[in-house]
Every structure is written in structure tokens, then in C-alpha cells.
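Structure file my_file-v6.cif (mmCIF, C-alpha atoms) is printed below.
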```
data_model
#
loop_
_atom_site.group_PDB
_atom_site.id
_atom_site.type_symbol
_atom_site.label_atom_id
_atom_site.label_comp_id
_atom_site.auth_asym_id
_atom_site.auth_seq_id
_atom_site.Cartn_x
_atom_site.Cartn_y
_atom_site.Cartn_z
ATOM 1 C CA MET T 1 -11.036 -9.470 23.155
ATOM 2 C CA ILE T 2 -13.880 -10.793 21.003
ATOM 3 C CA GLU T 3 -15.240 -7.253 20.627
ATOM 4 C CA ILE T 4 -11.878 -6.061 19.274
ATOM 5 C CA PHE T 5 -11.804 -8.975 16.832
ATOM 6 C CA ASN T 6 -15.370 -8.250 15.672
ATOM 7 C CA ASN T 7 -14.600 -4.542 15.223
ATOM 8 C CA THR T 8 -11.488 -5.388 13.203
ATOM 9 C CA ILE T 9 -13.401 -7.760 10.926
ATOM 10 C CA THR T 10 -16.190 -5.211 10.450
ATOM 11 C CA THR T 11 -13.671 -2.492 9.574
ATOM 12 C CA VAL T 12 -11.879 -4.718 7.066
ATOM 13 C CA ILE T 13 -15.128 -5.763 5.392
ATOM 14 C CA SER T 14 -16.357 -2.174 5.142
ATOM 15 C CA SER T 15 -13.019 -0.962 3.725
ATOM 16 C CA PHE T 16 -13.169 -3.089 0.563
ATOM 17 C CA ASP T 17 -15.611 -3.801 -2.224
ATOM 18 C CA PHE T 18 -15.148 -7.515 -2.812
ATOM 19 C CA ALA T 19 -17.473 -7.530 -5.841
ATOM 20 C CA TYR T 20 -15.169 -4.973 -7.443
ATOM 21 C CA CYS T 21 -12.113 -7.140 -6.719
ATOM 22 C CA ILE T 22 -13.763 -10.209 -8.208
ATOM 23 C CA SER T 23 -14.965 -8.238 -11.249
ATOM 24 C CA VAL T 24 -11.478 -6.866 -11.877
ATOM 25 C CA ASN T 25 -9.907 -10.307 -11.558
ATOM 26 C CA ILE T 26 -12.410 -12.068 -13.805
ATOM 27 C CA LEU T 27 -12.327 -9.376 -16.494
ATOM 28 C CA THR T 28 -8.520 -9.235 -16.408
ATOM 29 C CA TYR T 29 -8.317 -13.032 -16.650
ATOM 30 C CA LEU T 30 -10.671 -13.130 -19.640
ATOM 31 C CA ILE T 31 -8.848 -10.374 -21.511
ATOM 32 C CA ILE T 32 -5.426 -11.930 -20.877
ATOM 33 C CA LYS T 33 -6.776 -15.328 -21.893
ATOM 34 C CA LEU T 34 -8.105 -13.828 -25.135
ATOM 35 C CA ILE T 35 -4.755 -12.150 -25.845
ATOM 36 C CA ASP T 36 -2.976 -15.425 -25.067
ATOM 37 C CA SER T 37 -5.225 -17.323 -27.471
ATOM 38 C CA LEU T 38 -4.647 -14.775 -30.227
ATOM 39 C CA ASN T 39 -0.869 -14.861 -29.647
ATOM 40 C CA GLY T 40 -0.605 -18.559 -30.474
ATOM 41 C CA LYS T 41 2.597 -20.095 -29.091
ATOM 42 C CA LYS T 42 4.030 -16.753 -27.964
ATOM 43 C CA THR T 43 3.463 -16.108 -24.263
ATOM 44 C CA VAL T 44 1.908 -12.905 -22.959
ATOM 45 C CA SER T 45 4.565 -10.819 -21.224
ATOM 46 C CA THR T 46 4.292 -9.853 -17.585
ATOM 47 C CA TRP T 47 4.193 -6.174 -18.527
ATOM 48 C CA SER T 48 1.302 -6.792 -20.916
ATOM 49 C CA LYS T 49 -0.608 -8.502 -18.120
ATOM 50 C CA ARG T 50 0.095 -5.582 -15.788
ATOM 51 C CA ILE T 51 -1.076 -3.058 -18.376
ATOM 52 C CA VAL T 52 -4.288 -5.046 -18.906
ATOM 53 C CA LEU T 53 -4.791 -5.109 -15.118
ATOM 54 C CA LEU T 54 -4.300 -1.340 -14.839
ATOM 55 C CA VAL T 55 -6.674 -0.620 -17.723
ATOM 56 C CA VAL T 56 -9.311 -2.909 -16.189
ATOM 57 C CA ILE T 57 -8.839 -1.348 -12.731
ATOM 58 C CA LEU T 58 -9.220 2.158 -14.139
ATOM 59 C CA SER T 59 -12.186 1.426 -16.401
ATOM 60 C CA THR T 60 -14.031 -0.628 -13.806
ATOM 61 C CA GLY T 61 -13.191 1.981 -11.159
ATOM 62 C CA VAL T 62 -14.667 4.760 -13.274
ATOM 63 C CA LEU T 63 -17.816 2.704 -13.776
ATOM 64 C CA TYR T 64 -18.134 1.908 -10.079
ATOM 65 C CA ASN T 65 -17.478 5.564 -9.181
ATOM 66 C CA LYS T 66 -20.257 6.680 -11.563
ATOM 67 C CA ILE T 67 -22.587 4.218 -9.865
ATOM 68 C CA GLY T 68 -21.744 5.836 -6.540
ATOM 69 C CA CYS T 69 -19.084 3.718 -4.854
ATOM 70 C CA ASP T 70 -16.726 5.609 -2.537
ATOM 71 C CA SER T 71 -13.316 6.469 -4.049
ATOM 72 C CA LYS T 72 -11.438 5.400 -0.917
ATOM 73 C CA ILE T 73 -13.059 1.963 -0.997
ATOM 74 C CA LEU T 74 -12.283 1.669 -4.722
ATOM 75 C CA LEU T 75 -8.639 2.546 -4.129
ATOM 76 C CA ASN T 76 -8.380 -0.029 -1.325
ATOM 77 C CA SER T 77 -10.077 -2.617 -3.530
ATOM 78 C CA ALA T 78 -7.821 -1.815 -6.501
ATOM 79 C CA ILE T 79 -4.823 -2.554 -4.291
ATOM 80 C CA LEU T 80 -6.441 -5.726 -2.965
ATOM 81 C CA ALA T 81 -7.464 -7.131 -6.386
ATOM 82 C CA PRO T 82 -4.009 -8.239 -7.633
ATOM 83 C CA VAL T 83 -3.085 -9.545 -4.180
ATOM 84 C CA PHE T 84 -6.337 -11.520 -4.053
ATOM 85 C CA TRP T 85 -5.518 -12.929 -7.499
ATOM 86 C CA SER T 86 -1.914 -13.862 -6.678
ATOM 87 C CA TRP T 87 -2.535 -15.439 -3.287
ATOM 88 C CA ILE T 88 -5.977 -17.003 -3.644
ATOM 89 C CA ILE T 89 -7.398 -17.300 -7.151
ATOM 90 C CA LYS T 90 -4.258 -18.143 -9.172
ATOM 91 C CA PRO T 91 -3.267 -21.122 -6.962
ATOM 92 C CA ILE T 92 -6.835 -22.435 -7.284
ATOM 93 C CA CYS T 93 -6.727 -21.990 -11.084
ATOM 94 C CA LYS T 94 -3.401 -23.825 -11.267
ATOM 95 C CA TYR T 95 -4.728 -26.646 -9.103
ATOM 96 C CA PHE T 96 -7.765 -27.128 -11.361
ATOM 97 C CA LYS T 97 -5.600 -26.598 -14.499
ATOM 98 C CA ILE T 98 -7.572 -23.592 -15.743
ATOM 99 C CA ASP T 99 -4.639 -21.194 -15.899
ATOM 100 C CA TYR T 100 -4.050 -19.101 -19.051
ATOM 101 C CA ARG T 101 -2.153 -21.781 -20.942
ATOM 102 C CA ASP T 102 -4.180 -24.777 -19.759
ATOM 103 C CA ILE T 103 -7.483 -24.070 -21.547
ATOM 104 C CA ASN T 104 -8.271 -22.781 -25.038
ATOM 105 C CA VAL T 105 -10.922 -20.128 -25.535
ATOM 106 C CA LEU T 106 -10.971 -19.957 -29.329
ATOM 107 C CA ASP T 107 -10.722 -23.711 -30.076
#
```
Write the structure described by the file as C-alpha cells, please.
Amino acid sequence: MIEIFNNTITTVISSFDFAYCISVNILTYLIIKLIDSLNGKKTVSTWSKRIVLLVVILSTGVLYNKIGCDSKILLNSAILAPVFWSWIIKPICKYFKIDYRDINVLD
């Protein structure tokens, strides 16, 4: 039973590039935060955030692919990145009050 668990964990870890996921999330957060600061009182729409995420995923993916990362791992990681943000990072940011609207970049 422990061997099955260890094999499953090893497979999951080797199927994703966690540095890529973190890079995508941090870069997306910073760009959305910059857009939010430039918008003033107007909130950034959900679709704008999604477009920023897709652009960051594609540009970072191209860079990682040029470096030599496997395309299958990048695709898995691109799917994991927004899930990782929604379920783990965003609740932590809200708890520490560092969400988009809670801090000011340009002030």
C-alpha cells in the first residue's frame, strides 16, 4: 500500500513543473495589480484577468519550452496554475489582506 502511495506521489510530482505554476501566478498577480492600480476606482473585469492569465501562460510557456521543458509537463502545469491560485494562494492573500484591492502598488 505504501509503495502505491509513493508511486502516485512520484508520478504527480514528475507530471508538473511547480516553478512554472508559481511563476505564472506571481506574474499574473503583478500584471493584474498594475492594471488595477492604473484603473483607479474601476475594478478589473474577470475577463480581463483571464486574458492576462492566458497571455502569461502562453508567453511563459514559450520561454520554458525554449529552455527545454517538456510540452506535456507545461500543459499540465498551465492547467494546474489557475487551480493552484484559486484554491491555495488566493485564500492566503485574502487572509493576509494582500489581494488586488488591499494594497497599492503605485502609491
### Query
Of the candidates T:Ile32, T:Ile22, T:Tyr64, T:Met1, which one gets nearest to Val83 in chain T if we count all atoms listed in the file?
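For Val83 in chain T, the nearest of the given residues is T:Ile22.
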### Query
Which residue gives the smallest distance to Ala81 in chain T among T:Lys97, T:Thr28, T:Ile4, T:Val12, with all atoms listed in the file counted?
T:Thr28
### Message
Since I can't run it myself right now, could you work out what the PyMOL selection byres ((chain T and resi 53) around 9) selects here and report it as a PyMOL selection string?
### Response
chain T and resi 24-25+27-29+32+48-52+54-58+82
Would you write out those residues with C-alpha atoms, as a PDB file, in the frame of the given file?
```pdb
ATOM      1  CA  VAL T  24     -11.478  -6.866 -11.877  1.00  0.00           C
ATOM      2  CA  ASN T  25      -9.907 -10.307 -11.558  1.00  0.00           C
ATOM      3  CA  LEU T  27     -12.327  -9.376 -16.494  1.00  0.00           C
ATOM      4  CA  THR T  28      -8.520  -9.235 -16.408  1.00  0.00           C
ATOM      5  CA  TYR T  29      -8.317 -13.032 -16.650  1.00  0.00           C
ATOM      6  CA  ILE T  32      -5.426 -11.930 -20.877  1.00  0.00           C
ATOM      7  CA  SER T  48       1.302  -6.792 -20.916  1.00  0.00           C
ATOM      8  CA  LYS T  49      -0.608  -8.502 -18.120  1.00  0.00           C
ATOM      9  CA  ARG T  50       0.095  -5.582 -15.788  1.00  0.00           C
ATOM     10  CA  ILE T  51      -1.076  -3.058 -18.376  1.00  0.00           C
ATOM     11  CA  VAL T  52      -4.288  -5.046 -18.906  1.00  0.00           C
ATOM     12  CA  LEU T  54      -4.300  -1.340 -14.839  1.00  0.00           C
ATOM     13  CA  VAL T  55      -6.674  -0.620 -17.723  1.00  0.00           C
ATOM     14  CA  VAL T  56      -9.311  -2.909 -16.189  1.00  0.00           C
ATOM     15  CA  ILE T  57      -8.839  -1.348 -12.731  1.00  0.00           C
ATOM     16  CA  LEU T  58      -9.220   2.158 -14.139  1.00  0.00           C
ATOM     17  CA  PRO T  82      -4.009  -8.239  -7.633  1.00  0.00           C
TER      18      PRO T  82
END
```
### Task
Kindly indicate which residue among T:Ile31, T:Val62, T:Cys21, T:Ile98 lies nearest to Ile79 in chain T, using all atoms listed in the file for the distances.
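Smallest separation from Ile79 in chain T among the options: T:Cys21.
Rounded to one decimal, CA of Thr11 in chain T and CA of Ser71 in chain T lie 16.3 Å from each other.
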### Coordinates-based distance that separates CA of Leu80 in chain T from CA of Leu38 in chain T (Å, one decimal)
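Computed distance, CA of Leu38 in chain T to CA of Leu80 in chain T, equals 28.8 Å.
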### Query
Pick the closest to Asp17 in chain T from T:Ile2, T:Cys69, T:Val44, T:Ile35: which is it, counting all atoms listed in the file?
T:Cys69
### Query
In Å, how far is it from CA of Lys33 in chain T to CA of Ile92 in chain T?
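Distance reported for this atom pair: 16.2 Å.
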### Residue among T:Leu63, T:Ile13, T:Ile88, T:Leu30 lying closest to Asn76 in chain T, counting all atoms listed in the file
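Residue with the minimum atom-to-atom distance to Asn76 in chain T: T:Ile13.
Closest to Leu75 in chain T among T:Ser37, T:Ser23, T:Gly61, T:Ser14 is T:Gly61, based on only C-alpha atoms.
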Atom completion result for range 72-106 of chain T (N, CA and C atoms) as a compact mmCIF listing (two decimals), in the coordinates of the input:
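Just written: part_10.txt:
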```txt
# COMPACT_ATOMS: atom_id res chain seq x y z
N LYS T 72 -12.38 6.01 -1.85
CA LYS T 72 -11.44 5.40 -0.92
C LYS T 72 -11.59 3.87 -0.92
N ILE T 73 -12.81 3.41 -0.95
CA ILE T 73 -13.06 1.96 -1.00
C ILE T 73 -12.57 1.39 -2.33
N LEU T 74 -12.77 2.13 -3.41
CA LEU T 74 -12.28 1.67 -4.72
C LEU T 74 -10.76 1.60 -4.76
N LEU T 75 -10.10 2.57 -4.17
CA LEU T 75 -8.64 2.55 -4.13
C LEU T 75 -8.15 1.35 -3.31
N ASN T 76 -8.74 1.13 -2.15
CA ASN T 76 -8.38 -0.03 -1.32
C ASN T 76 -8.61 -1.33 -2.09
N SER T 77 -9.73 -1.40 -2.79
CA SER T 77 -10.08 -2.62 -3.53
C SER T 77 -9.17 -2.82 -4.74
N ALA T 78 -8.75 -1.72 -5.37
CA ALA T 78 -7.82 -1.82 -6.50
C ALA T 78 -6.47 -2.35 -6.05
N ILE T 79 -6.07 -2.02 -4.85
CA ILE T 79 -4.82 -2.55 -4.29
C ILE T 79 -5.01 -4.02 -3.91
N LEU T 80 -6.17 -4.35 -3.40
CA LEU T 80 -6.44 -5.73 -2.96
C LEU T 80 -6.60 -6.69 -4.14
N ALA T 81 -7.13 -6.24 -5.26
CA ALA T 81 -7.46 -7.13 -6.39
C ALA T 81 -6.29 -7.98 -6.87
N PRO T 82 -5.11 -7.38 -7.17
CA PRO T 82 -4.01 -8.24 -7.63
C PRO T 82 -3.46 -9.15 -6.54
N VAL T 83 -3.52 -8.70 -5.30
CA VAL T 83 -3.08 -9.54 -4.18
C VAL T 83 -4.03 -10.73 -4.03
N PHE T 84 -5.33 -10.47 -4.13
CA PHE T 84 -6.34 -11.52 -4.05
C PHE T 84 -6.13 -12.53 -5.17
N TRP T 85 -5.78 -12.04 -6.37
CA TRP T 85 -5.52 -12.93 -7.50
C TRP T 85 -4.29 -13.79 -7.23
N SER T 86 -3.19 -13.14 -6.85
CA SER T 86 -1.91 -13.86 -6.68
C SER T 86 -1.95 -14.90 -5.56
N TRP T 87 -2.59 -14.57 -4.47
CA TRP T 87 -2.54 -15.44 -3.29
C TRP T 87 -3.67 -16.44 -3.21
N ILE T 88 -4.82 -16.13 -3.82
CA ILE T 88 -5.98 -17.00 -3.64
C ILE T 88 -6.44 -17.61 -4.97
N ILE T 89 -6.77 -16.79 -5.93
CA ILE T 89 -7.40 -17.30 -7.15
C ILE T 89 -6.41 -18.05 -8.05
N LYS T 90 -5.22 -17.50 -8.27
CA LYS T 90 -4.26 -18.14 -9.17
C LYS T 90 -3.86 -19.54 -8.69
N PRO T 91 -3.56 -19.75 -7.40
CA PRO T 91 -3.27 -21.12 -6.96
C PRO T 91 -4.44 -22.08 -7.19
N ILE T 92 -5.66 -21.60 -7.03
CA ILE T 92 -6.84 -22.44 -7.28
C ILE T 92 -6.93 -22.76 -8.78
N CYS T 93 -6.70 -21.76 -9.63
CA CYS T 93 -6.73 -21.99 -11.08
C CYS T 93 -5.66 -22.99 -11.50
N LYS T 94 -4.47 -22.88 -10.93
CA LYS T 94 -3.40 -23.82 -11.27
C LYS T 94 -3.75 -25.23 -10.80
N TYR T 95 -4.35 -25.34 -9.63
CA TYR T 95 -4.73 -26.65 -9.10
C TYR T 95 -5.75 -27.33 -10.01
N PHE T 96 -6.73 -26.57 -10.49
CA PHE T 96 -7.76 -27.13 -11.36
C PHE T 96 -7.39 -27.08 -12.84
N LYS T 97 -6.13 -26.67 -13.13
CA LYS T 97 -5.60 -26.60 -14.50
C LYS T 97 -6.46 -25.73 -15.43
N ILE T 98 -6.83 -24.55 -14.93
CA ILE T 98 -7.57 -23.59 -15.74
C ILE T 98 -6.81 -22.27 -15.83
N ASP T 99 -5.47 -22.37 -15.75
CA ASP T 99 -4.64 -21.19 -15.90
C ASP T 99 -4.64 -20.77 -17.38
N TYR T 100 -4.01 -19.66 -17.70
CA TYR T 100 -4.05 -19.10 -19.05
C TYR T 100 -3.70 -20.12 -20.13
N ARG T 101 -2.66 -20.86 -19.93
CA ARG T 101 -2.15 -21.78 -20.94
C ARG T 101 -2.82 -23.15 -20.92
N ASP T 102 -3.63 -23.43 -19.90
CA ASP T 102 -4.18 -24.78 -19.76
C ASP T 102 -5.49 -25.00 -20.49
N ILE T 103 -6.22 -23.92 -20.82
CA ILE T 103 -7.48 -24.07 -21.55
C ILE T 103 -7.45 -23.18 -22.79
N ASN T 104 -8.21 -23.55 -23.79
CA ASN T 104 -8.27 -22.78 -25.04
C ASN T 104 -9.64 -22.16 -25.22
N VAL T 105 -9.66 -20.85 -25.38
CA VAL T 105 -10.92 -20.13 -25.54
C VAL T 105 -11.43 -20.22 -26.97
N LEU T 106 -10.56 -20.07 -27.94
CA LEU T 106 -10.97 -19.96 -29.33
C LEU T 106 -11.04 -21.30 -30.05
```
